[in-house]
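S.K.: I have a structure I would like to understand better, so I am pasting it below and will then ask my questions one at a time.
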Amino acid sequence: MSQPSILIVDDDATLSDMLCQLLTREHWSVRAVLTGAEGELALSQHRPDVVLLDLMLPDANGLDLCRRWRTTHPDVGILMLTARGKPLDKVLGLEVGADDYLSKPFDKRELVARIRALIRRQAPERTAPTLLRFDSLTIDLLRREVRVGDECVALTSIEFKLLHELARTPGKPHTREQLSALVQVGKYRPLDRTVDAQVYRLRRKLLKHGPDGGWIDTVRGEGYAFVPRSV
């Protein structure tokens, strides 16, 4: 297996140097840039496994970069590093496509653990099927795109992750706790009612294009299950 590669996009040169030393000791290949434009170039040229992305850069907004990179590089793990640690900031970061979110200042061991978790998550996706098909429903894991017939279903990053995890094991119920853990690395966990709301929105979007009831069933006393149906 090739050496995991990490790209740091942060305008704090002192912090970037410290991170380079820390992550190099983990035997990872590390590259650091100070601007969004440099990050864009490095991401295209070197295809890292994980990007550590600052929210506030001198030439770009980290949320805008994350949204764009999630579309153009769907297989990269994105961990946002930022001094803005309010719950709403975290939710926004996750909604635009970040896989994890860590507030500054942070514990070095926690950062390394979260990067390891993202690398583990990326590894099986390289050998797993890139398309899941269920009659008229297609889930494209590389493009992070969902289609029902010829129509594209616009999903948020979290909604896509929920659908992917449910569809990987058709018919198997997932508890709310399992869904929270599956779609989010790190300490942040949505409340049960938040997961319910996310599943409700996902099911409503699918229902516009699919059969009565959609593809997601509520399993009383257990949670939710993906049940393939024909349109």
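So you can find residues: chains in the structure tokens are A, B, ... in the order shown, residues in each start at 1, and ligands are numbered from 1 in order.
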Could you give me, as a compact mmCIF listing (two decimals) with N, CA and C atoms, in the first residue's frame, each residue of region 58-199 of chain A that DSSP assigns to helix (DSSP H, G or I) when run on this structure's backbone?

M.R.:
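Heads up, here's the output in result22.txt:
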```txt
# COMPACT_ATOMS: atom_id res chain seq x y z
N GLY A 62 -13.02 29.01 3.09
CA GLY A 62 -12.86 27.56 3.20
C GLY A 62 -14.13 26.78 2.89
N LEU A 63 -15.29 27.34 3.24
CA LEU A 63 -16.55 26.65 2.95
C LEU A 63 -16.78 26.54 1.44
N ASP A 64 -16.46 27.62 0.71
CA ASP A 64 -16.61 27.59 -0.75
C ASP A 64 -15.65 26.57 -1.36
N LEU A 65 -14.41 26.55 -0.86
CA LEU A 65 -13.44 25.58 -1.37
C LEU A 65 -13.89 24.16 -1.09
N CYS A 66 -14.38 23.93 0.12
CA CYS A 66 -14.82 22.59 0.50
C CYS A 66 -15.96 22.12 -0.40
N ARG A 67 -16.91 23.00 -0.65
CA ARG A 67 -18.05 22.66 -1.51
C ARG A 67 -17.57 22.29 -2.91
N ARG A 68 -16.65 23.08 -3.45
CA ARG A 68 -16.16 22.83 -4.81
C ARG A 68 -15.31 21.58 -4.87
N TRP A 69 -14.42 21.40 -3.88
CA TRP A 69 -13.53 20.24 -3.90
C TRP A 69 -14.31 18.95 -3.67
N ARG A 70 -15.39 19.01 -2.91
CA ARG A 70 -16.19 17.81 -2.72
C ARG A 70 -16.78 17.34 -4.03
N THR A 71 -17.08 18.28 -4.92
CA THR A 71 -17.64 17.93 -6.23
C THR A 71 -16.56 17.46 -7.19
N THR A 72 -15.43 18.18 -7.23
CA THR A 72 -14.39 17.86 -8.20
C THR A 72 -13.48 16.71 -7.74
N PRO A 87 -21.31 25.45 17.20
CA PRO A 87 -22.04 24.33 16.58
C PRO A 87 -22.53 24.65 15.17
N LEU A 88 -23.02 25.88 14.95
CA LEU A 88 -23.52 26.24 13.62
C LEU A 88 -22.41 26.21 12.59
N ASP A 89 -21.20 26.65 12.97
CA ASP A 89 -20.06 26.60 12.05
C ASP A 89 -19.75 25.16 11.66
N LYS A 90 -19.81 24.27 12.65
CA LYS A 90 -19.54 22.85 12.38
C LYS A 90 -20.59 22.27 11.44
N VAL A 91 -21.85 22.59 11.71
CA VAL A 91 -22.93 22.09 10.85
C VAL A 91 -22.75 22.57 9.42
N LEU A 92 -22.40 23.85 9.24
CA LEU A 92 -22.19 24.38 7.89
C LEU A 92 -21.05 23.66 7.19
N GLY A 93 -19.95 23.43 7.92
CA GLY A 93 -18.82 22.72 7.33
C GLY A 93 -19.19 21.32 6.88
N LEU A 94 -19.94 20.62 7.71
CA LEU A 94 -20.34 19.26 7.37
C LEU A 94 -21.34 19.24 6.23
N GLU A 95 -22.23 20.23 6.20
CA GLU A 95 -23.24 20.27 5.15
C GLU A 95 -22.65 20.52 3.77
N LYS A 108 -3.00 17.39 19.64
CA LYS A 108 -2.27 16.77 18.53
C LYS A 108 -2.67 15.31 18.36
N ARG A 109 -2.84 14.61 19.47
CA ARG A 109 -3.19 13.19 19.38
C ARG A 109 -4.57 13.00 18.78
N GLU A 110 -5.48 13.91 19.11
CA GLU A 110 -6.83 13.82 18.54
C GLU A 110 -6.80 14.07 17.04
N LEU A 111 -6.00 15.05 16.62
CA LEU A 111 -5.89 15.31 15.18
C LEU A 111 -5.35 14.09 14.45
N VAL A 112 -4.28 13.48 14.96
CA VAL A 112 -3.71 12.30 14.32
C VAL A 112 -4.74 11.17 14.26
N ALA A 113 -5.49 10.99 15.35
CA ALA A 113 -6.49 9.92 15.38
C ALA A 113 -7.58 10.16 14.34
N ARG A 114 -7.99 11.40 14.19
CA ARG A 114 -9.04 11.71 13.21
C ARG A 114 -8.54 11.51 11.78
N ILE A 115 -7.27 11.89 11.52
CA ILE A 115 -6.72 11.67 10.18
C ILE A 115 -6.62 10.17 9.90
N ARG A 116 -6.18 9.41 10.88
CA ARG A 116 -6.12 7.94 10.70
C ARG A 116 -7.50 7.38 10.34
N ALA A 117 -8.53 7.88 11.04
CA ALA A 117 -9.88 7.40 10.77
C ALA A 117 -10.30 7.73 9.34
N LEU A 118 -9.94 8.92 8.85
CA LEU A 118 -10.27 9.28 7.47
C LEU A 118 -9.51 8.42 6.47
N ILE A 119 -8.25 8.14 6.76
CA ILE A 119 -7.45 7.30 5.86
C ILE A 119 -8.04 5.89 5.80
N ARG A 120 -8.46 5.37 6.96
CA ARG A 120 -9.09 4.04 6.96
C ARG A 120 -10.37 4.05 6.16
N ARG A 121 -11.11 5.15 6.28
CA ARG A 121 -12.37 5.25 5.54
C ARG A 121 -12.11 5.30 4.04
N GLN A 122 -11.05 6.01 3.62
CA GLN A 122 -10.75 6.14 2.20
C GLN A 122 -10.29 4.83 1.59
N ALA A 123 -9.55 4.01 2.35
CA ALA A 123 -8.94 2.79 1.80
C ALA A 123 -9.95 1.83 1.19
N PRO A 124 -11.01 1.40 1.89
CA PRO A 124 -11.94 0.46 1.27
C PRO A 124 -12.69 1.03 0.10
N GLU A 125 -12.86 2.38 0.07
CA GLU A 125 -13.61 2.98 -1.03
C GLU A 125 -12.87 2.87 -2.35
N ARG A 126 -11.54 2.63 -2.30
CA ARG A 126 -10.79 2.52 -3.54
C ARG A 126 -11.03 1.18 -4.24
N THR A 127 -11.41 0.16 -3.45
CA THR A 127 -11.64 -1.16 -4.04
C THR A 127 -13.12 -1.52 -4.10
N SER A 157 -24.35 16.79 1.54
CA SER A 157 -23.31 15.80 1.83
C SER A 157 -23.79 14.78 2.86
N ILE A 158 -24.45 15.24 3.92
CA ILE A 158 -24.92 14.33 4.96
C ILE A 158 -26.01 13.42 4.43
N GLU A 159 -26.92 13.95 3.62
CA GLU A 159 -27.99 13.13 3.03
C GLU A 159 -27.39 12.05 2.14
N PHE A 160 -26.36 12.41 1.36
CA PHE A 160 -25.72 11.41 0.50
C PHE A 160 -25.09 10.31 1.34
N LYS A 161 -24.38 10.69 2.42
CA LYS A 161 -23.75 9.69 3.28
C LYS A 161 -24.79 8.77 3.91
N LEU A 162 -25.90 9.32 4.35
CA LEU A 162 -26.96 8.50 4.94
C LEU A 162 -27.49 7.49 3.92
N LEU A 163 -27.78 7.96 2.71
CA LEU A 163 -28.30 7.06 1.68
C LEU A 163 -27.29 5.99 1.33
N HIS A 164 -26.02 6.38 1.18
CA HIS A 164 -24.97 5.42 0.85
C HIS A 164 -24.88 4.32 1.91
N GLU A 165 -24.83 4.72 3.19
CA GLU A 165 -24.68 3.74 4.26
C GLU A 165 -25.89 2.82 4.33
N LEU A 166 -27.08 3.34 4.15
CA LEU A 166 -28.27 2.50 4.19
C LEU A 166 -28.31 1.55 2.98
N ALA A 167 -27.94 2.07 1.80
CA ALA A 167 -28.03 1.27 0.58
C ALA A 167 -26.94 0.20 0.49
N ARG A 168 -25.87 0.33 1.26
CA ARG A 168 -24.80 -0.68 1.24
C ARG A 168 -25.31 -2.02 1.74
N ARG A 176 -30.49 4.89 14.99
CA ARG A 176 -30.10 6.29 14.88
C ARG A 176 -28.64 6.48 15.30
N GLU A 177 -28.24 5.77 16.36
CA GLU A 177 -26.87 5.87 16.84
C GLU A 177 -25.88 5.37 15.79
N GLN A 178 -26.21 4.28 15.12
CA GLN A 178 -25.34 3.75 14.07
C GLN A 178 -25.21 4.73 12.92
N LEU A 179 -26.32 5.33 12.52
CA LEU A 179 -26.28 6.27 11.41
C LEU A 179 -25.44 7.49 11.77
N SER A 180 -25.55 7.97 13.00
CA SER A 180 -24.75 9.11 13.43
C SER A 180 -23.26 8.77 13.36
N ALA A 181 -22.90 7.57 13.83
CA ALA A 181 -21.49 7.17 13.84
C ALA A 181 -20.97 6.92 12.43
N LEU A 182 -21.81 6.37 11.57
CA LEU A 182 -21.37 6.02 10.22
C LEU A 182 -21.11 7.24 9.36
N VAL A 183 -21.92 8.27 9.51
CA VAL A 183 -21.78 9.42 8.62
C VAL A 183 -20.87 10.49 9.17
N ASP A 192 -30.75 12.39 18.22
CA ASP A 192 -31.67 11.47 17.56
C ASP A 192 -32.66 12.21 16.68
N ARG A 193 -33.23 13.29 17.21
CA ARG A 193 -34.24 14.02 16.44
C ARG A 193 -33.63 14.67 15.20
N THR A 194 -32.31 15.01 15.28
CA THR A 194 -31.64 15.58 14.11
C THR A 194 -31.49 14.52 13.03
N VAL A 195 -31.11 13.30 13.41
CA VAL A 195 -31.02 12.20 12.45
C VAL A 195 -32.38 11.94 11.82
N ASP A 196 -33.43 11.96 12.64
CA ASP A 196 -34.78 11.77 12.11
C ASP A 196 -35.10 12.82 11.06
N ALA A 197 -34.74 14.07 11.34
CA ALA A 197 -35.02 15.15 10.40
C ALA A 197 -34.22 14.98 9.11
N GLN A 198 -32.96 14.53 9.24
CA GLN A 198 -32.13 14.31 8.05
C GLN A 198 -32.70 13.20 7.18
N VAL A 199 -33.12 12.11 7.81
CA VAL A 199 -33.71 11.00 7.06
C VAL A 199 -35.03 11.43 6.43
```

S.K.: Could you list, as a PyMOL selection string, every residue within 9 Å of Gly214 (chain A), counting only C-alpha atoms and ignoring same-chain residues fewer than 5 positions away?

M.R.: chain A and resi 203-209+227-229

S.K.: Select, from A:Leu137, A:Leu202, A:Leu131, A:Leu22, the residue with the minimum atom-to-atom distance to Ile216 (chain A), counting only C-alpha atoms.

M.R.: A:Leu202

S.K.: Measuring atom to atom with only C-alpha atoms, identify which of A:Val96, A:Asp10, A:Leu23, A:Val51 is nearest to Gly36 (chain A).

M.R.: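 Nearest to Gly36 (chain A): A:Asp10.
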
S.K.: Considering only C-alpha atoms, state which residue in the set A:Asp217, A:Glu38, A:Glu145, A:Asp99 is at the smallest distance from Ala60 (chain A).

M.R.: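 The closest residue to Ala60 (chain A) is A:Glu38.
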
S.K.: Given only C-alpha atoms as the basis, pick out the residue of A:Ser5, A:Val33, A:Arg201, A:Arg84 nearest to Ala154 (chain A).

M.R.: A:Arg201

S.K.: Which is closer to Ala98 (chain A) than all the others in A:Ala83, A:Leu52, A:Asp135, A:Asp59, using only C-alpha atoms?

M.R.: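 Closest to Ala98 (chain A) of all the choices is A:Leu52.
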